[in-house]
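Enquirer: For reference, the structure I am asking about is given below.
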There are 2 protein chains.
Amino acid sequence: MVKMSDVAKRANVSTATVSRVLSKEGYVSEETRNKVLEAIDILGYTPNRLASNFRKSSSHTVLAIIPDITNPFFSEVVKGLEKVAAERGYHVLLGDTGNSLHVERDLMELVREQVADGVILATARVTNEEIEKLGRGLPIVVACEYFDGISIPTVSIDNVVAAREATQYLIDCGHRRIAFISGRFNIVLNRDRIRGYRQALEYNGLHVHEGLIQEGDWTMESGMNAMSRILAMDQLPTAVFAASDEMAVGALKSLKAKGLRVPDDMSVMGFDDISLSEMVEPELSTVQQPKRELGELAIRMLLNIIEGKKLERTQVILSHRLVIRGSTAPPRSAHEGGR
Amino acid sequence: MVKMSDVAKRANVSTATVSRVLSKEGYVSEETRNKVLEAIDILGYTPNRLASNFRKSSSHTVLAIIPDITNPFFSEVVKGLEKVAAERGYHVLLGDTGNSLHVERDLMELVREQVADGVILATARVTNEEIEKLGRGLPIVVACEYFDGISIPTVSIDNVVAAREATQYLIDCGHRRIAFISGRFNIVLNRDRIRGYRQALEYNGLHVHEGLIQEGDWTMESGMNAMSRILAMDQLPTAVFAASDEMAVGALKSLKAKGLRVPDDMSVMGFDDISLSEMVEPELSTVQQPKRELGELAIRMLLNIIEGKKLERTQVILSHRLVIRGSTAPPRSAHEGGR
DNA sequence: ACTGTCCCTGTAATCGATTACATCTACGAA
DNA sequence: TTCGTAGATGTAATCGATTACAGGGACAGT
């Protein structure tokens with residue numbers, strides 16, 4: 001491999017000068033610069049970034065820790081990360097934890113080992129306190145989730161309010177018995193959505209039936225299964241609210257399989273607004289999250305921290321939006337003149 | 001930051017010994033080992049991987065160059081990559097080119113700069129020759145695509161045969177006029193699928209109507225638009241074959257919007273067998289690709305190259321499988337007694 | 001003529017871990 | 001007793017780029 005000293009020799013200058021040419025810092029005469037550039041060209045020199053990173057002790061790499069890259073929501077967030085990272089000359093190291101707390105912890109080590117300059121943590125499994133401990137000194141931004149009163153920067157929507165509004169919308173439609181297809185109970189953002197769901201019911205004086213809250217794992221299949229369990233109950237709800245669009249699509253599938261019509265027999269509400277939600281029949285009513293922006297903002301904040309800039313705000317809440325499409329409607333009883 | 005020399009001092013040994021303890025190579029007495037481990041523990045030492053990587057001139061990182069991470073097919077492939085990489089102690093640097101040839105070229109530079117030890121190139125935009133030139137000396141594996149007679153290792157299915165079989169299946173159902181919703185024409189794997197489609201038609205003495213081949217860009221929306229263009233034609237086909245499930249789902253959407261029924265009025269065949277294809281109504285007939293395995297095998301080969309092991313085979317073709325579900329059926333004319 | 005400042009360039013230390021090589025001990029075989 | 005070897009540890013060079021520091025020339029201001 002050609003190294004800087006080879007270039008220096010060929011151009012009859014010192015490595016310091018070559019370095020100055022490459023970094024465009026410090027003074028170099030036009031003539032010398034040309035000599036150096038010519039030598040680089042002739043020798044086909046490429047700087048060894050490993051050496052450079054080591055010396056500058058910065059890898060220009062950030063680590064994205066996500067539970068599952070095949071989840072379209074996270075894909076979009078990662079896309080946002082990647083875009084801004086590339087713009088600012090950083091690379092993204094992908095860490096797919098497969099929802100494992102253990103893997104999540106292991107990955108965090110990489111920052112201490114200087115493999116990455118900072119971390120984007122999407123939906124943490126580690127506890128609040130653990131993040132704070134790890135975050136002391138390490139550049140870290142939590143994306144998609146909000147931790148109350150944490151000192152670590154976060155970027156997310158307000159999942160409690162969003163879920164509350166979605167549930168309220170169903171109630172306003174006339175639904176009284178509303179099921180909830182949840183993601184894993186141990187995920188904060190999911191718990192927030194459950195909380196919003198509960199709040200809306202309670203606010204309207206409706207009883208929260210624990211049996212109507214069924215756990216899934218964000219996949220379509222789990223949504224399908226959760227819906228099947230709900231449909232096996234004695235008293236059916238007239239609406240289901242799923243904590244993700246994928247699970248809502250699974251629910252749709254299960255309903256069709258049982259011969260129930262959406263929204264006539266059952267309203268279905270999703271969450272995230274992934275592109276799929278407009279493709280299913282009927283189109284899915286859902287809560288829109290600004291996925292790319294979530295990723296873009298999270299990494300902007302992270303890079304600012306890494307580069308020592310001050311953050312204006314450390315807890316950013318982006319706005320969500322209820323998107324009403326064809327999968328929700330008043331319950332049939334309402335049509336038929338119910339109460 | 002605590003460094004190795006601090007540990008060495010504290011344990012009253014040399015850095016060489018500490019290094020030997022950490023790397024588990026060379027001789028170290030039990031007693032010394034314990035002293036060192038204790039010192040590491042007390043000081044909270046974490047090795048600086050940047051320094052280590054530099055010295056060993058290996059980053060233990062591979063670069064995955066993919067056109068679009070939000071495409072569920074690639075997400076699955078990347079998931080496979082990530083899994084095996086993690087198992088073998090490597091990291092995956094994500095390079096989402098957004099389908100840009102320019103970005104693709106830039107990313108390749110990273111290997112020359114030693115940021116990554118090797119590259120997985122999923123659906124290359126750069127030419128055959130360019131890859132071969134880059135590949136000389138650089139560990140590189142092309143995933144998902146087959147290049148005839150190239151010296152670079154590839155892992156893929158046989159897209160020509162797969163598309164031919166899928167088309168043949170539609171012909172066997174009785175379809176005579178079959179449209180094709182294509183991905184971008186400049187993508188090799190897509191061209192292979194078009195070729196298979198053509199071969200099947202020609203083999204059966206059917207005319208290839210160029211107007212029935214419509215270009216999309218793999219997204220559901222583009223599939224929807226392509227289908228709309230096809231539906232605007234004078235003489236409608238009785239079946240459509242889409243080069244990806246996502247585009248097929250878009251086609252489904254467009255057909256429903258126009259009030260056409262699948263498969264009664266139009267059969268729809270997809271490609272990839274992403275999980276979504278079982279969720280839409282009707283379920284999508286498609287060509288199954290072993291997505292995870294594609295990723296897993298590709299990275300295994302790459303890591304073997306990096307670690308200097310010999311490859312048994314350099315051009316691996318994994319098997320595909322036709323999956324027939326509800327979106328394909330004989331054309332109505334056939335039902336009605338047509339020849 | 002002297003001083004200060006701006007350009008330009010080079011020398012050499014430095015980042016932290018790895019490793020080739022040297023040294024020393026202990027022990028068994030001859 | 002001597003020699004060979006395995007075991008244990010240390011010394012110091014090394015990877016390649018960056019950068020603090022020094023030095024020298026040119027030129028303007030006084």
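Going through the structure tokens in order, the chains are called A, B, and so on, while each chain numbers its residues from 1 and the ligands are numbered from 1 in the order shown.
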Residues of chain A near chain D: apply a cut-off of 10 Å, count only C-alpha atoms (C1' of nucleotides), and supply the list as JSON, numbers by chain.
Expert: {"A": [3, 4, 5, 15, 16, 19, 20, 23, 47, 48, 49, 50, 51, 52, 53, 54, 55, 56]}
Enquirer: Check range 49-278 of chain B with DSSP on the backbone and list each residue it calls alpha helix (DSSP H), as an NGL selection string.
Expert: :B and (49-56 or 72-87 or 101-112 or 128-135 or 159-173 or 188-203 or 220-231 or 245-257)
Enquirer: Would you please give, as a list in words, all residues of range 66-101 of chain A that DSSP assigns to strand (DSSP E or B) based on the backbone?
Expert: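 Put together, the selection reads Ile66, His91, Val92, Leu93, Leu94, Gly95 and Asp96 of chain A.
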Enquirer: Now that the selection is made, can you save its residues with N, CA, C and O atoms as a PDB file, in the first residue's frame?
Expert:
```
ATOM      1  N   ILE A  66     -31.052  -0.774  16.673  1.00  0.00           N
ATOM      2  CA  ILE A  66     -32.493  -0.921  16.430  1.00  0.00           C
ATOM      3  C   ILE A  66     -32.899  -2.365  16.679  1.00  0.00           C
ATOM      4  O   ILE A  66     -32.090  -3.272  16.551  1.00  0.00           O
ATOM      5  N   HIS A  91     -20.400   7.612   8.922  1.00  0.00           N
ATOM      6  CA  HIS A  91     -20.919   6.320   8.501  1.00  0.00           C
ATOM      7  C   HIS A  91     -21.841   5.785   9.578  1.00  0.00           C
ATOM      8  O   HIS A  91     -21.721   6.148  10.743  1.00  0.00           O
ATOM      9  N   VAL A  92     -22.740   4.913   9.159  1.00  0.00           N
ATOM     10  CA  VAL A  92     -23.666   4.316  10.113  1.00  0.00           C
ATOM     11  C   VAL A  92     -23.374   2.829  10.279  1.00  0.00           C
ATOM     12  O   VAL A  92     -23.395   2.076   9.308  1.00  0.00           O
ATOM     13  N   LEU A  93     -23.073   2.466  11.475  1.00  0.00           N
ATOM     14  CA  LEU A  93     -22.869   1.066  11.812  1.00  0.00           C
ATOM     15  C   LEU A  93     -24.216   0.549  12.274  1.00  0.00           C
ATOM     16  O   LEU A  93     -24.848   1.149  13.136  1.00  0.00           O
ATOM     17  N   LEU A  94     -24.636  -0.549  11.681  1.00  0.00           N
ATOM     18  CA  LEU A  94     -25.957  -1.055  11.982  1.00  0.00           C
ATOM     19  C   LEU A  94     -25.895  -2.085  13.086  1.00  0.00           C
ATOM     20  O   LEU A  94     -25.115  -3.030  13.033  1.00  0.00           O
ATOM     21  N   GLY A  95     -26.728  -1.909  14.084  1.00  0.00           N
ATOM     22  CA  GLY A  95     -26.805  -2.915  15.137  1.00  0.00           C
ATOM     23  C   GLY A  95     -28.246  -3.376  15.289  1.00  0.00           C
ATOM     24  O   GLY A  95     -29.063  -2.659  15.840  1.00  0.00           O
ATOM     25  N   ASP A  96     -28.520  -4.544  14.778  1.00  0.00           N
ATOM     26  CA  ASP A  96     -29.864  -5.109  14.883  1.00  0.00           C
ATOM     27  C   ASP A  96     -29.858  -6.037  16.096  1.00  0.00           C
ATOM     28  O   ASP A  96     -29.201  -7.059  16.109  1.00  0.00           O
TER      29      ASP A  96
END
```
Enquirer: What does the distance from CA of Leu260 in chain B to CA of Thr286 in chain B come to in Å, to one decimal?
Expert: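 Interatomic distance here is 19.8 Å.
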Enquirer: Output the contact residues of chain C with respect to chain B at a cut-off of 7 Å, based on only C-alpha atoms (C1' of nucleotides), as a ChimeraX atom specification.
Expert: /C:16-18
Enquirer: With distances taken over only C-alpha atoms, which residue among B:Leu138, B:Leu212, B:Ala143, B:Leu252 lies nearest chain A?
Expert: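 Using only C-alpha atoms, the shortest distance to chain A belongs to B:Leu252.
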Enquirer: How many Å separate CA of Val36 in chain A from CA of Ser57 in chain A?
Expert: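 Between CA of Val36 in chain A and CA of Ser57 in chain A the gap works out to 25.8 Å.
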Enquirer: Can you pull out the residues contacting Glu210 in chain A? Cut-off 12 Å, using only C-alpha atoms (C1' of nucleotides), and skip same-chain residues under 4 positions away; I want them as an NGL selection string.
Expert: :A and (177-182 or 194 or 197-198 or 214-215 or 230)
Enquirer: Once you have the residues from the selection above, write them out as a compact mmCIF listing (two decimals), in the first residue's frame, restricted to N, CA and C atoms.
Expert:
```
# COMPACT_ATOMS: atom_id res chain seq x y z
N ARG A 177 -66.66 -0.58 22.97
CA ARG A 177 -65.85 -1.74 23.30
C ARG A 177 -64.72 -1.79 22.29
N ILE A 178 -63.55 -1.40 22.74
CA ILE A 178 -62.42 -1.25 21.82
C ILE A 178 -61.26 -2.12 22.30
N ALA A 179 -60.79 -2.99 21.40
CA ALA A 179 -59.65 -3.84 21.77
C ALA A 179 -58.35 -3.12 21.43
N PHE A 180 -57.29 -3.61 22.05
CA PHE A 180 -55.98 -3.02 21.78
C PHE A 180 -54.98 -4.13 21.48
N ILE A 181 -54.36 -4.08 20.31
CA ILE A 181 -53.30 -5.04 19.99
C ILE A 181 -51.98 -4.34 20.26
N SER A 182 -51.32 -4.85 21.26
CA SER A 182 -50.14 -4.18 21.79
C SER A 182 -48.86 -4.79 21.24
N ILE A 194 -50.29 2.12 25.26
CA ILE A 194 -51.32 1.50 26.10
C ILE A 194 -51.89 2.54 27.06
N TYR A 197 -54.30 4.75 25.42
CA TYR A 197 -55.54 4.01 25.17
C TYR A 197 -56.40 3.97 26.43
N ARG A 198 -55.74 3.63 27.55
CA ARG A 198 -56.46 3.57 28.82
C ARG A 198 -57.04 4.93 29.20
N GLN A 214 -54.28 -7.36 23.92
CA GLN A 214 -53.55 -8.56 23.53
C GLN A 214 -52.16 -8.19 23.05
N GLU A 215 -51.20 -8.97 23.51
CA GLU A 215 -49.81 -8.65 23.17
C GLU A 215 -49.37 -9.28 21.85
N ILE A 230 -58.77 -12.31 20.08
CA ILE A 230 -59.86 -11.39 20.43
C ILE A 230 -61.18 -11.91 19.87
```
Enquirer: Find the residues near Glu202 in chain B: any atom within 12 Å, counting only C-alpha atoms (C1' of nucleotides), skip ones fewer than 5 places away on the same chain, and give them as an mmCIF file with C-alpha atoms, in the first residue's frame.
Expert:
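Everything below was put into selection07.cif:
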```
data_model
loop_
_atom_site.group_PDB
_atom_site.id
_atom_site.type_symbol
_atom_site.label_atom_id
_atom_site.label_comp_id
_atom_site.auth_asym_id
_atom_site.auth_seq_id
_atom_site.Cartn_x
_atom_site.Cartn_y
_atom_site.Cartn_z
ATOM 1 C CA ARG B 164 -39.393 -17.989 -16.913
ATOM 2 C CA THR B 167 -44.418 -16.836 -16.652
ATOM 3 C CA GLN B 168 -44.754 -20.395 -17.855
ATOM 4 C CA ILE B 171 -49.240 -19.516 -19.619
ATOM 5 C CA ARG B 176 -51.993 -15.553 -23.515
ATOM 6 C CA ARG B 195 -35.356 -12.057 -20.063
ATOM 7 C CA GLY B 196 -37.019 -15.003 -18.353
ATOM 8 C CA TYR B 197 -40.403 -13.492 -19.074
ATOM 9 C CA HIS B 207 -45.770 -12.363 -29.142
ATOM 10 C CA VAL B 208 -43.958 -10.040 -26.759
ATOM 11 C CA HIS B 209 -45.797 -6.729 -26.696
#
```
Enquirer: Please list as a list in words every residue within 7 Å of Met266 in chain A, counting only C-alpha atoms (C1' of nucleotides) and excluding residues in the same chain fewer than 4 positions away.
Expert: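 Non-adjacent residues within range: Thr238, Ala239, Arg261 and Val262 of chain A.
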Enquirer: For Lys291 in chain A, please output as a PDB file with N, CA, C and O atoms, in the first residue's frame all residues within 7 Å (counting only C-alpha atoms (C1' of nucleotides); exclusion window: fewer than 3 positions along the same chain).
Expert:
```pdb
ATOM      1  N   PHE A  73     -41.052   0.416   9.870  1.00  0.00           N
ATOM      2  CA  PHE A  73     -40.950   1.673  10.599  1.00  0.00           C
ATOM      3  C   PHE A  73     -39.486   2.014  10.851  1.00  0.00           C
ATOM      4  O   PHE A  73     -39.018   3.110  10.556  1.00  0.00           O
ATOM      5  N   GLU A  76     -37.381   3.020   7.853  1.00  0.00           N
ATOM      6  CA  GLU A  76     -37.514   4.421   7.463  1.00  0.00           C
ATOM      7  C   GLU A  76     -36.671   5.325   8.355  1.00  0.00           C
ATOM      8  O   GLU A  76     -36.023   6.254   7.883  1.00  0.00           O
ATOM      9  N   VAL A  77     -36.689   5.027   9.627  1.00  0.00           N
ATOM     10  CA  VAL A  77     -35.894   5.831  10.557  1.00  0.00           C
ATOM     11  C   VAL A  77     -34.407   5.718  10.185  1.00  0.00           C
ATOM     12  O   VAL A  77     -33.695   6.711  10.102  1.00  0.00           O
ATOM     13  N   LEU A 294     -37.751  11.780  12.235  1.00  0.00           N
ATOM     14  CA  LEU A 294     -37.331  11.241  13.525  1.00  0.00           C
ATOM     15  C   LEU A 294     -35.855  10.838  13.426  1.00  0.00           C
ATOM     16  O   LEU A 294     -35.024  11.202  14.257  1.00  0.00           O
ATOM     17  N   GLY A 295     -35.553  10.087  12.375  1.00  0.00           N
ATOM     18  CA  GLY A 295     -34.173   9.647  12.178  1.00  0.00           C
ATOM     19  C   GLY A 295     -33.241  10.804  11.896  1.00  0.00           C
ATOM     20  O   GLY A 295     -32.149  10.906  12.467  1.00  0.00           O
TER      21      GLY A 295
END
```
Enquirer: Name all residues at most 9 Å from Leu110 in chain A (count only C-alpha atoms (C1' of nucleotides); drop same-chain ones fewer than 6 positions away) and give them as an NGL selection string.
Expert: (:A and (63 or 116-117)) or (:B and (49))
Enquirer: Quick one: of B:Asp41, B:Glu278, B:Asp158, B:Asp148, who's nearest to chain A, counting only C-alpha atoms?
Expert: B:Glu278
